[in-house]
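Heads up: the structure comes next, in structure tokens.
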Amino acid sequence: MSIKIALAGNPNCGKTTLFNALTGSNQYVGNWPGVTVEKKEGKYKGDKSVGIIDLPGVYSLSPYTIEEVVARNYLVNERPDAVINIVDGTNIERNLYLSTQIIELGIPVVVAVNMMDIVNKVGDKINIKKLSEAIGAPVVEISALKGTGIKEVVDAAIKAANSKKANELAHKFNPTVEAAIESVKAKLGSDVEEAQKRFFAIKFIERDDKIAQLTATAVDASDEIATLEKEFDDDTESIITNERYTYISSIIDGCVTKNSARKLTTSDKIDRIVTNRILALPIFAVIMFIVYYISVTTVGTYVTDWTNDGLFGDGFYLFGNGRAAYDEAMTDYYVENVWTDEVVANVEDAAEAGITGADEILAAIEDQDYGTFDESYGSYGAELDEKEDGKYSISEVVDEATGEDAELPDNADYGVWVPGVPVLVGNLLEAINCNEFLTGLILDGIVAGVGAVLGFVPQMLVLFIFLAFLEGCGYMARIAFIMDRIFRKFGLSGKSFIPILIGTGCGVPGVMASRTIENERDRRMTIMTTTFIPCGAKLPIIALISAALFNNAWWVAPSAYFLGIVVIILSGIILKKTKIFAGDPAPFVMELPSYHLPTVGSILRSMWERGWSFIKKAGTIILLSSILIWLGSTFGWTDGAFGWNADIELEDSVLGAIGNGLKWIFAPLGFANATATVATVMGLVAKEEVVGVFGVLDFEGLAPLAGYSFLAFNLLCAPCFAAIGAIKREMNSGKWTWIAIGYQCVTAYIVAYLIYQFGLLISGSVNVLGLIIAIVVLAFVLYLIFRPYKEATTLKVDKKVANI
Ligand SMILES: Nc1nc2c(ncn2[C@@H]2O[C@H](COP(=O)(O)OP(=O)(O)OP(=O)(O)O)[C@@H](O)[C@H]2O)c(=O)[nH]1
Ligand SMILES: [Mg+2]
């Protein structure tokens with residue numbers, strides 16, 4: 001590439017939006033600061049020889065956090081040919097603080113005033129010509145979102161790059177300060193280019209401790225610093241900051257005219273309600289409730305049923321034609337052949353005797369709903385068989401009437417029937433006379449396992465549409481702001497909530513987003529708690545449990561989300577009170593972007609980006625684990641000999657042995673069940689795999705309470721390998737990675753245990769010893785939450801950030 005142009009600016013000013021527009025790529029854009037944490041490179045669409053580099057947002061060139069270091073080191077060491085400094089036009093004063101520093105780097109700079117669409121709408125005026133003179137760099141008005149002015153700004157940057165001329169300095173600081181700068185400049189070694197000297201000199205005067213790493217010779221500026229501090233009676237860092245702000249206010253006065261007749265914008269009006277002290281949290285709760293309710297329970301279930309029962313099941317009616325006629329025929333068939341007097345009587349007796357699931361089966365019969373009947377029979381039929389020597393058993397009648405040889409109504413007779421993937425694949429394998437092992441592997445292993453996961457993709461997409469909309473319109477940014485108010489009370493910053501918001505899509509970028517937190521303790525703590533939020537891959541587990549065990553009750557799916565939030569907040573409180581994490585919260589500076597309707601394209605793109613990664617996973621890691629699980633469940637010991645056996649019982653298989661060997665761990669949580677144990681272990685590979693396991697192995701009826709405890713444990717325990725990898729990278733320490741995993745697993749265990757034991761108490765079947773332990777554990781947790789907060793001995797507030 002012959003020319004490199006870097007995009008630099010404050011967080012959330014629109015760099016990535018511009019980058020995407022210029023390069024046609026699809027980098028993640030979010031409506032809060034700290035979205036981009038690594039630099040990204042692309043080629044300019046209009047001229048492939050021009051490279052564009054997207055940098056993380058920074059407030060100044062004095063880095064405090066990892067991603068700020070990335071941005072500064074790039075600008076100083078790799079020296080792009082030109083910098084486009086993006087300035088948020090709605091917030092010009094704060095943004096220019098960085099501009100005054102970028103100009104000192106000695107690289108040709110073009111200033112792009114972004115968000116002009118909003119500036120114009122509000123009625124503010126910016127005098128571009130005067131601004132350009134005052135800064136000493138070309139200025140172009142753009143709207144990265146609408147695409148206006150972006151060609152002009154690149155053209156200007158290319159021109160500046162080709163001229164190779166750094167900008168003329170348009171402003172001088174106070175003469176005493178200038179004298180000090182000149183004096184330090186003279187001490188700099190020859191490895192620093194002339195044009196960069198001012199930048200380095202100022203950093204040495206500011207006592208920037210990381211600047212020495214960027215030059216060959218360290219400079220001793222203590223004399224100059226002493227002189228300045230004596231004269232101004234302040235530390236040099238503040239002196240320089242003040243100089244910059246004096247300069248900026250002189251620019252603003254001359255160039256920017258705010259619309260004085262400005263009324264409260266719609267955005268302000270919305271914010272009055274949405275971020276209102278009292279209403280903010282209930283509104284947040286209602287919104288997230290609706291999001292999860294719709295994605296998992298209503299629309300989500302509808303699409304998932306179609307994929308699970310249709311596409312990856314028996315099949316479906318094209319456009320639903322014939323469904324009603326078929327349902328009627330099936331109901332008639334069930335009334336006549338399945339729900340015989342004997343069956344109804346047995347189920348009624350069983351329900352009266354309080355046998356688990358009997359009332360559900362009974363309800364399905366009363367509703368004449370054969371689908372629900374099949375489901376609940378599948379889950380609880382065995383219970384009826386087992387109790388009292390089969391007194392209540394209905395399996396003989398039901399199995400015969402619905403088994404292979406039964407003459408059930410045929411789908412194809414009632415409309416245009418499209419067979420599902422397993423049926424098609426099954427027919428194909430039969431046609432080519434495929435052997436039993438391969439047929440089993442393909443149908444019961446791969447198609448069932450991968451299909452179970454893929455079946456939930458539509459549901460995830462629905463969730464991702466909501467998340468993309470909430471992010472794009474600006475609401476998510478408000479959540480961080482609202483959470484800051486709450487977190488701050490416990491010594492935490494709202495910054496810790498941004499990774500959590502990102503983690504709602506996927507934990508990996510969520511964990512990475514913790515880089516924006518400057519305080520090491522808070523950063524570690526945030527990494528430890530981020531994956532408590534249900535990510536996209538956990539959605540299938542929620543949906544599965546909600547549908548299979550709770551008949552899609554309205555509260556199940558949203559409760560999973562709020563469980564995550566509550567555990568995060570309580571973790572924050574508990575951890576902050578420990579010595580290791582104590583300390584003041586970092587200042588949290590965040591401009592609330594104005595609300596705007598995101599474009600349909602951007603929502604779909606964001607949805608697809610996230611959804612696609614799950615589909616890719618289904619084709620790779622889920623495929624592989626489905627095969628392994630199937631092999632593990634069909635290899636085993638039959639009559640003492642080890643080998644493959646298609647009809648082996650789970651207990652006799654390798655997987656069953658593993659599950660049974662480990663299931664004691666989960667006994668106190670209520671799911672000492674080999675399948676659930678295997679599913680939990682596989683969840684470490686990828687959370688969707690929990691569902692994949694139930695696709696390959698049968699989903700044996702867990703009681704609802706045990707099912708919820710299973711759900712809670714799986715949502716909160718250590719995340720998948722990919723996220724653990726991210727935790728390891730961000731912690732940069734094996735010890736801390738283990739602490740994080742340990743903390744997550746123990747928390748998950750405690751929460752699931754409390755849910756199960758107190759759930760038993762409420763449902764009336766108390767386990768006395770379990771309950772006593774639960775009360776002791778709860779008391780201890782409450783103590784950790786409510787014990788007094790001890791001030792930390794090492795309080796350190798980042799002064800410079802506080803200045804901004
Ligand atoms: N109205 C309007 N919104 C914009 C414009 N440019 C960007 N945005 C919005 O501003 C928000 C932030 O955009 P990003 O491109 O992610 O910002 P960034 O500078 O890359 O942010 P970081 O990566 O966090 O530093 C997004 O919601 C964009 O849609 C614009 O010209 N007009
Ligand atoms: Mg960005």
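Each chain in the structure tokens gets a letter, A, B, ..., in the order shown, and its residues are numbered from 1; ligands are numbered from 1 in order too.
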
Can you write out as a tab-separated table which residues of region 674-792 of chain A fall within 8 Å of region 436-460 of chain A, alongside each residue's closest atom pair and its distance in Å to one decimal, counting only C-alpha atoms and ordering rows by chain and ascending residue number?
residue	atom	partner	partner_atom	distance
A:Glu688	CA	A:Val453	CA	6.1
A:Glu689	CA	A:Val453	CA	7.2
A:Val691	CA	A:Val453	CA	6.3
A:Gly692	CA	A:Gly449	CA	4.6
A:Val693	CA	A:Gly449	CA	6.6
A:Phe694	CA	A:Gly449	CA	7.8
A:Gly695	CA	A:Gly449	CA	5.0
A:Val696	CA	A:Gly449	CA	5.3

Taking the DSSP secondary structure from the backbone, can you list the residues of region 134-245 of chain A that are helix (DSSP H, G or I), as a ChimeraX atom specification? /A:134-135,150-163,175-187,194-205,211-214,222-232,236-245

Please, which residues have at least one atom within 8 Å of an atom of ligand 1, using only C-alpha atoms and all ligand atoms, listed as a compact mmCIF listing (two decimals) with N, CA and C atoms, in the first residue's frame?
# COMPACT_ATOMS: atom_id res chain seq x y z
N GLY A 9 -9.75 9.43 16.86
CA GLY A 9 -10.75 10.31 17.46
C GLY A 9 -11.19 9.79 18.81
N ASN A 10 -12.08 10.52 19.43
CA ASN A 10 -12.63 10.10 20.73
C ASN A 10 -13.43 8.82 20.55
N PRO A 11 -13.62 8.10 21.64
CA PRO A 11 -14.52 6.95 21.55
C PRO A 11 -15.91 7.38 21.11
N ASN A 12 -16.54 6.53 20.35
CA ASN A 12 -17.93 6.73 19.95
C ASN A 12 -18.16 7.96 19.06
N CYS A 13 -17.12 8.41 18.34
CA CYS A 13 -17.32 9.57 17.49
C CYS A 13 -17.65 9.14 16.07
N GLY A 14 -17.58 7.86 15.77
CA GLY A 14 -17.97 7.38 14.45
C GLY A 14 -16.82 6.90 13.58
N LYS A 15 -15.69 6.56 14.18
CA LYS A 15 -14.54 6.11 13.38
C LYS A 15 -14.84 4.83 12.62
N THR A 16 -15.40 3.87 13.33
CA THR A 16 -15.65 2.59 12.66
C THR A 16 -16.73 2.73 11.60
N THR A 17 -17.72 3.58 11.87
CA THR A 17 -18.75 3.82 10.86
C THR A 17 -18.10 4.36 9.59
N LEU A 18 -17.17 5.31 9.77
CA LEU A 18 -16.48 5.87 8.60
C LEU A 18 -15.60 4.79 7.96
N PHE A 19 -14.93 4.03 8.78
CA PHE A 19 -14.06 2.96 8.27
C PHE A 19 -14.87 1.98 7.41
N TYR A 28 -17.59 -4.05 13.74
CA TYR A 28 -18.65 -3.85 14.72
C TYR A 28 -18.75 -2.38 15.15
N VAL A 29 -19.93 -1.82 14.98
CA VAL A 29 -20.19 -0.44 15.39
C VAL A 29 -21.14 -0.50 16.57
N GLY A 30 -20.84 0.17 17.63
CA GLY A 30 -21.76 0.15 18.76
C GLY A 30 -21.96 1.56 19.27
N ASN A 31 -23.08 1.76 19.91
CA ASN A 31 -23.37 3.12 20.33
C ASN A 31 -22.87 3.41 21.74
N TRP A 32 -21.69 3.06 22.02
CA TRP A 32 -21.09 3.44 23.30
C TRP A 32 -19.59 3.46 23.11
N PRO A 33 -18.87 4.11 24.01
CA PRO A 33 -17.42 4.17 23.82
C PRO A 33 -16.77 2.82 24.03
N GLY A 34 -15.64 2.63 23.39
CA GLY A 34 -14.85 1.43 23.65
C GLY A 34 -15.26 0.21 22.86
N VAL A 35 -15.87 0.42 21.71
CA VAL A 35 -16.28 -0.72 20.91
C VAL A 35 -15.07 -1.34 20.21
N THR A 36 -14.26 -0.47 19.58
CA THR A 36 -13.08 -0.98 18.90
C THR A 36 -11.93 -1.01 19.90
N VAL A 37 -11.36 -2.18 20.14
CA VAL A 37 -10.25 -2.23 21.08
C VAL A 37 -8.95 -2.65 20.41
N ASP A 54 -8.42 1.74 11.23
CA ASP A 54 -9.38 2.14 12.27
C ASP A 54 -8.71 1.93 13.62
N LEU A 55 -8.69 2.94 14.44
CA LEU A 55 -8.03 2.83 15.74
C LEU A 55 -9.06 2.86 16.86
N PRO A 56 -8.70 2.32 18.02
CA PRO A 56 -9.59 2.46 19.16
C PRO A 56 -9.74 3.93 19.52
N GLY A 57 -10.88 4.28 20.08
CA GLY A 57 -11.10 5.68 20.45
C GLY A 57 -10.27 6.07 21.66
N VAL A 58 -9.74 7.30 21.65
CA VAL A 58 -8.97 7.78 22.81
C VAL A 58 -9.40 9.20 23.14
N ILE A 86 -11.27 12.40 13.56
CA ILE A 86 -12.72 12.54 13.55
C ILE A 86 -13.18 13.22 14.82
N ASN A 114 -17.67 15.15 12.26
CA ASN A 114 -18.69 14.13 11.96
C ASN A 114 -20.03 14.47 12.62
N MET A 115 -21.01 13.69 12.30
CA MET A 115 -22.37 13.83 12.86
C MET A 115 -23.00 15.15 12.40
N MET A 116 -22.61 15.61 11.22
CA MET A 116 -23.15 16.88 10.75
C MET A 116 -24.66 16.80 10.56
N ASP A 117 -25.16 15.61 10.29
CA ASP A 117 -26.62 15.49 10.16
C ASP A 117 -27.32 15.95 11.44
N ILE A 118 -26.74 15.57 12.58
CA ILE A 118 -27.37 15.97 13.84
C ILE A 118 -27.12 17.46 14.11
N ILE A 142 -18.55 16.06 7.65
CA ILE A 142 -19.02 14.78 7.12
C ILE A 142 -20.17 14.21 7.97
N SER A 143 -20.84 13.25 7.40
CA SER A 143 -21.71 12.40 8.20
C SER A 143 -21.37 10.97 7.80
N ALA A 144 -20.66 10.29 8.68
CA ALA A 144 -20.22 8.93 8.35
C ALA A 144 -21.42 8.02 8.15
N LEU A 145 -22.47 8.30 8.90
CA LEU A 145 -23.65 7.45 8.84
C LEU A 145 -24.37 7.62 7.51
N LYS A 146 -24.53 8.89 7.10
CA LYS A 146 -25.26 9.15 5.87
C LYS A 146 -24.34 9.09 4.65
N GLY A 147 -23.05 9.08 4.88
CA GLY A 147 -22.11 8.98 3.77
C GLY A 147 -21.81 10.31 3.10
N GLU A 471 -28.98 -1.33 20.57
CA GLU A 471 -27.67 -0.69 20.50
C GLU A 471 -27.71 0.47 19.55
N GLY A 472 -28.24 0.20 18.35
CA GLY A 472 -28.20 1.18 17.28
C GLY A 472 -28.97 2.43 17.63
N CYS A 473 -30.09 2.31 18.31
CA CYS A 473 -30.89 3.50 18.56
C CYS A 473 -30.33 4.31 19.72
N GLY A 474 -29.46 3.73 20.50
CA GLY A 474 -28.83 4.50 21.58
C GLY A 474 -29.29 4.08 22.97
N PRO A 593 -25.22 9.39 23.25
CA PRO A 593 -25.52 9.75 21.85
C PRO A 593 -27.01 10.04 21.72
N SER A 594 -27.37 10.91 20.76
CA SER A 594 -28.81 11.14 20.64
C SER A 594 -29.46 9.93 20.00
N HIS A 596 -31.42 7.70 17.58
CA HIS A 596 -31.78 7.77 16.16
C HIS A 596 -32.22 6.39 15.72
N PRO A 598 -31.97 3.29 13.82
CA PRO A 598 -30.91 2.65 13.04
C PRO A 598 -31.45 2.21 11.69

Return the single residue from A:Lys39, A:Lys129, A:Lys172, A:Arg323 that is closest to ligand 2, with distances computed using only C-alpha atoms and all ligand atoms.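 The answer is A:Lys39, which sits nearest to ligand 2.
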
Nearest to ligand 2 by atom-to-atom distance, counting only C-alpha atoms and all ligand atoms, from A:Ala186, A:Tyr753, A:Ala513, A:Val119: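 Once distances to ligand 2 are computed over only C-alpha atoms and all ligand atoms, the minimum belongs to A:Ala513.
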
Considering only C-alpha atoms and all ligand atoms, can you say which of A:Ile53, A:Ala641, A:Glu396, A:Val685 comes closest to ligand 2?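 When distances to ligand 2 are compared using only C-alpha atoms and all ligand atoms, the smallest one comes from A:Ile53.
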
What's around region 400-407 of chain A at 10 Å? Count only C-alpha atoms, leave out sequence neighbours fewer than 4 positions away in its own chain, and write the answer as a ChimeraX atom specification. /A:333-334,336-339,374,395-396

I'd like the neighbourhood of region 96-113 of chain A as a PyMOL selection string, where a residue qualifies if any of its atoms comes within 7 Å (using only C-alpha atoms), though same-chain residues fewer than 4 positions away should be ignored. chain A and resi 59-61+81-89+92+137-142+153+156-157+160-161+164-167+195-196+198-199+244+248

Output N, CA and C atoms for every residue in that selection, as a CSV table (one decimal), in the first residue's frame.
chain,number,residue,atom,x,y,z
A,59,TYR,N,-9.3,9.6,24.4
A,59,TYR,CA,-9.7,10.9,24.8
A,59,TYR,C,-8.4,11.8,24.7
A,60,SER,N,-7.3,11.2,24.9
A,60,SER,CA,-6.0,12.0,24.8
A,60,SER,C,-4.9,11.0,24.4
A,61,LEU,N,-3.7,11.6,24.1
A,61,LEU,CA,-2.6,10.8,23.8
A,61,LEU,C,-1.8,10.4,25.0
A,81,ASP,N,0.7,7.9,6.9
A,81,ASP,CA,1.1,9.1,6.1
A,81,ASP,C,0.2,10.3,6.4
A,82,ALA,N,-1.0,10.0,6.8
A,82,ALA,CA,-1.9,11.1,7.2
A,82,ALA,C,-2.9,10.5,8.3
A,83,VAL,N,-3.4,11.5,9.0
A,83,VAL,CA,-4.4,11.1,10.0
A,83,VAL,C,-5.7,11.8,9.7
A,84,ILE,N,-6.8,11.1,9.7
A,84,ILE,CA,-8.1,11.8,9.7
A,84,ILE,C,-8.6,11.8,11.1
A,85,ASN,N,-8.6,13.0,11.7
A,85,ASN,CA,-9.0,13.1,13.1
A,85,ASN,C,-10.5,13.4,13.1
A,86,ILE,N,-11.3,12.4,13.6
A,86,ILE,CA,-12.7,12.5,13.6
A,86,ILE,C,-13.2,13.2,14.8
A,87,VAL,N,-14.0,14.2,14.6
A,87,VAL,CA,-14.4,15.1,15.7
A,87,VAL,C,-15.9,15.0,15.8
A,88,ASP,N,-16.5,14.7,16.9
A,88,ASP,CA,-18.0,14.6,17.0
A,88,ASP,C,-18.5,16.0,17.0
A,89,GLY,N,-19.2,16.4,15.9
A,89,GLY,CA,-19.7,17.8,15.8
A,89,GLY,C,-20.6,18.2,16.9
A,92,ILE,N,-18.0,19.3,20.1
A,92,ILE,CA,-16.8,19.7,19.5
A,92,ILE,C,-15.7,20.0,20.6
A,137,ALA,N,-5.3,23.0,10.2
A,137,ALA,CA,-5.4,21.8,9.4
A,137,ALA,C,-6.7,21.9,8.6
A,138,PRO,N,-6.7,21.2,7.4
A,138,PRO,CA,-7.9,21.3,6.7
A,138,PRO,C,-9.1,20.7,7.5
A,139,VAL,N,-10.3,21.2,7.3
A,139,VAL,CA,-11.4,20.7,8.0
A,139,VAL,C,-12.5,20.4,7.0
A,140,VAL,N,-13.1,19.2,7.1
A,140,VAL,CA,-14.2,18.8,6.2
A,140,VAL,C,-15.4,18.4,7.1
A,141,GLU,N,-16.6,18.8,6.6
A,141,GLU,CA,-17.8,18.3,7.4
A,141,GLU,C,-18.3,17.0,6.8
A,142,ILE,N,-18.6,16.1,7.7
A,142,ILE,CA,-19.0,14.8,7.1
A,142,ILE,C,-20.2,14.2,8.0
A,153,VAL,N,-13.2,14.0,2.4
A,153,VAL,CA,-12.3,13.9,3.5
A,153,VAL,C,-11.1,13.0,3.1
A,156,ALA,N,-8.9,14.9,0.7
A,156,ALA,CA,-8.1,15.9,1.4
A,156,ALA,C,-6.9,15.2,2.1
A,157,ALA,N,-7.2,14.0,2.7
A,157,ALA,CA,-6.2,13.3,3.4
A,157,ALA,C,-5.1,12.8,2.5
A,160,ALA,N,-3.0,15.7,1.6
A,160,ALA,CA,-2.1,16.0,2.7
A,160,ALA,C,-0.9,15.0,2.8
A,161,ALA,N,-1.3,13.7,2.6
A,161,ALA,CA,-0.2,12.7,2.7
A,161,ALA,C,0.8,12.9,1.6
A,164,LYS,N,3.3,15.5,2.2
A,164,LYS,CA,4.3,15.1,3.2
A,164,LYS,C,4.6,16.3,4.2
A,165,LYS,N,3.8,17.3,4.1
A,165,LYS,CA,4.1,18.4,5.0
A,165,LYS,C,3.2,18.4,6.3
A,166,ALA,N,3.9,18.4,7.4
A,166,ALA,CA,3.1,18.5,8.7
A,166,ALA,C,2.4,19.8,8.7
A,167,ASN,N,1.4,19.8,9.6
A,167,ASN,CA,0.6,21.1,9.7
A,167,ASN,C,1.4,22.1,10.4
A,195,ALA,N,9.8,16.8,13.3
A,195,ALA,CA,8.3,17.1,13.4
A,195,ALA,C,7.7,16.6,14.6
A,196,GLN,N,8.3,15.5,15.2
A,196,GLN,CA,7.7,14.8,16.3
A,196,GLN,C,8.2,15.4,17.6
A,198,ARG,N,8.0,18.2,19.2
A,198,ARG,CA,7.1,19.0,20.1
A,198,ARG,C,6.3,18.0,21.0
A,199,PHE,N,5.8,17.0,20.3
A,199,PHE,CA,5.0,16.0,20.9
A,199,PHE,C,5.7,15.3,22.1
A,244,ARG,N,-4.2,23.7,26.9
A,244,ARG,CA,-5.0,23.2,25.8
A,244,ARG,C,-6.5,23.8,25.8
A,248,ILE,N,-8.6,25.8,23.2
A,248,ILE,CA,-9.8,25.3,22.6
A,248,ILE,C,-11.0,26.4,22.8

Can you tell me, as JSON, numbers by chain, which residues in region 637-781 of chain A count as strand (DSSP E) by DSSP? {"A": [637, 638, 641, 642, 643, 644]}

Non-local contacts of His171 (chain A) (8 Å; only C-alpha atoms; under 2 positions in same chain excluded) as a ChimeraX atom specification: /A:134-135,169,173,247

At a cut-off of 9 Å, using only C-alpha atoms, what residues contact region 490-498 of chain A? Leave out same-chain residues fewer than 3 positions from it and give the result as a compact mmCIF listing (two decimals) with C-alpha atoms, in the first residue's frame.
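The resulting result_34.txt:
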# COMPACT_ATOMS: atom_id res chain seq x y z
CA TRP A 32 -21.09 3.44 23.30
CA PRO A 33 -17.42 4.17 23.82
CA GLY A 34 -14.85 1.43 23.65
CA MET A 476 -27.90 0.41 25.42
CA ALA A 477 -25.66 3.42 26.03
CA ILE A 479 -28.15 1.34 30.33
CA ALA A 480 -24.45 1.75 30.98
CA PHE A 481 -25.24 5.24 32.26
CA ILE A 482 -28.06 4.00 34.51
CA MET A 483 -25.95 1.13 35.78
CA ASP A 484 -23.15 3.56 36.55
CA ARG A 485 -25.43 5.26 39.06
CA ILE A 486 -26.14 1.96 40.77
CA PHE A 487 -22.65 0.49 40.50
CA LEU A 501 -23.87 -5.44 27.43
CA ILE A 502 -21.58 -6.63 24.66
CA GLY A 503 -21.48 -10.08 26.29
CA GLY A 510 -17.54 -8.94 25.95
CA ALA A 513 -14.21 -4.99 25.92
CA SER A 514 -12.93 -4.96 29.49
CA THR A 516 -11.28 0.04 28.40
CA ILE A 517 -11.21 -0.20 32.18
CA ASP A 522 -11.91 -3.45 38.32
CA ARG A 523 -10.83 -4.88 35.01
CA MET A 525 -13.41 -8.23 38.35
CA THR A 526 -15.32 -7.30 35.22
CA ILE A 527 -13.70 -10.13 33.28
CA THR A 530 -19.01 -10.65 32.30
CA GLY A 572 -19.71 -6.79 42.21
CA ILE A 573 -20.78 -5.89 45.72
CA LYS A 576 -15.54 -5.04 45.98
CA LYS A 577 -15.65 -5.67 49.71
CA ALA A 582 -11.26 -2.78 46.91
CA GLY A 583 -10.69 0.71 45.58
CA ASP A 584 -12.49 3.73 44.24
CA PRO A 585 -14.41 3.48 41.01
CA ALA A 586 -12.74 4.89 37.93
CA PRO A 587 -14.37 8.02 36.58
CA PHE A 588 -16.77 7.16 33.83
CA VAL A 589 -17.04 9.71 31.06
CA TYR A 789 -17.22 -1.68 53.27

Give me, as a VMD selection string, all polymer residues having an atom no more than 9 Å from Phe713 (chain A), counting only C-alpha atoms and skipping those fewer than 3 positions away in the same chain. chain A and resid 669 680 708 to 710 716 to 717 745 747 to 753

Take the residues from that selection and put them in a file with N, CA and C atoms, as a short mmCIF file (atom, residue, chain, number, x, y, z; two decimals), in the first residue's frame.
data_model
loop_
_atom_site.label_atom_id
_atom_site.label_comp_id
_atom_site.auth_asym_id
_atom_site.auth_seq_id
_atom_site.Cartn_x
_atom_site.Cartn_y
_atom_site.Cartn_z
N LEU A 669 -27.77 -30.42 43.59
CA LEU A 669 -28.47 -29.42 42.79
C LEU A 669 -29.72 -30.02 42.17
N THR A 680 -23.74 -30.84 30.78
CA THR A 680 -23.05 -29.76 31.48
C THR A 680 -21.57 -29.75 31.13
N TYR A 708 -34.74 -26.16 36.39
CA TYR A 708 -34.36 -24.75 36.55
C TYR A 708 -33.00 -24.63 37.21
N SER A 709 -32.74 -25.53 38.16
CA SER A 709 -31.44 -25.51 38.80
C SER A 709 -30.34 -25.85 37.78
N PHE A 710 -30.65 -26.81 36.90
CA PHE A 710 -29.73 -27.17 35.81
C PHE A 710 -29.48 -25.95 34.92
N LEU A 716 -24.46 -19.94 34.57
CA LEU A 716 -23.48 -19.19 35.36
C LEU A 716 -22.11 -19.83 35.44
N CYS A 717 -22.00 -21.14 35.19
CA CYS A 717 -20.71 -21.77 35.41
C CYS A 717 -19.70 -21.31 34.37
N CYS A 745 -17.62 -21.09 38.69
CA CYS A 745 -18.21 -22.41 38.99
C CYS A 745 -18.79 -22.44 40.40
N THR A 747 -19.85 -19.92 42.18
CA THR A 747 -21.06 -19.10 42.20
C THR A 747 -22.22 -19.87 41.60
N ALA A 748 -21.98 -20.50 40.44
CA ALA A 748 -23.04 -21.24 39.78
C ALA A 748 -23.58 -22.33 40.69
N TYR A 749 -22.64 -22.99 41.36
CA TYR A 749 -23.04 -24.10 42.22
C TYR A 749 -23.90 -23.59 43.37
N ILE A 750 -23.45 -22.51 43.97
CA ILE A 750 -24.19 -21.98 45.12
C ILE A 750 -25.59 -21.53 44.70
N VAL A 751 -25.65 -20.80 43.58
CA VAL A 751 -26.95 -20.28 43.13
C VAL A 751 -27.89 -21.44 42.81
N ALA A 752 -27.40 -22.44 42.07
CA ALA A 752 -28.26 -23.56 41.70
C ALA A 752 -28.68 -24.33 42.95
N TYR A 753 -27.75 -24.44 43.90
CA TYR A 753 -28.05 -25.16 45.13
C TYR A 753 -29.15 -24.46 45.92
#

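Interatomic distance, CA of Phe319 (chain A) against CA of Pro419 (chain A): 13.4 Å.
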
Min atom-atom distance to ligand 2 from the set A:Ile3, A:Ile545, A:Val296, A:Ala8, counting only C-alpha atoms and all ligand atoms, belongs to A:Ala8
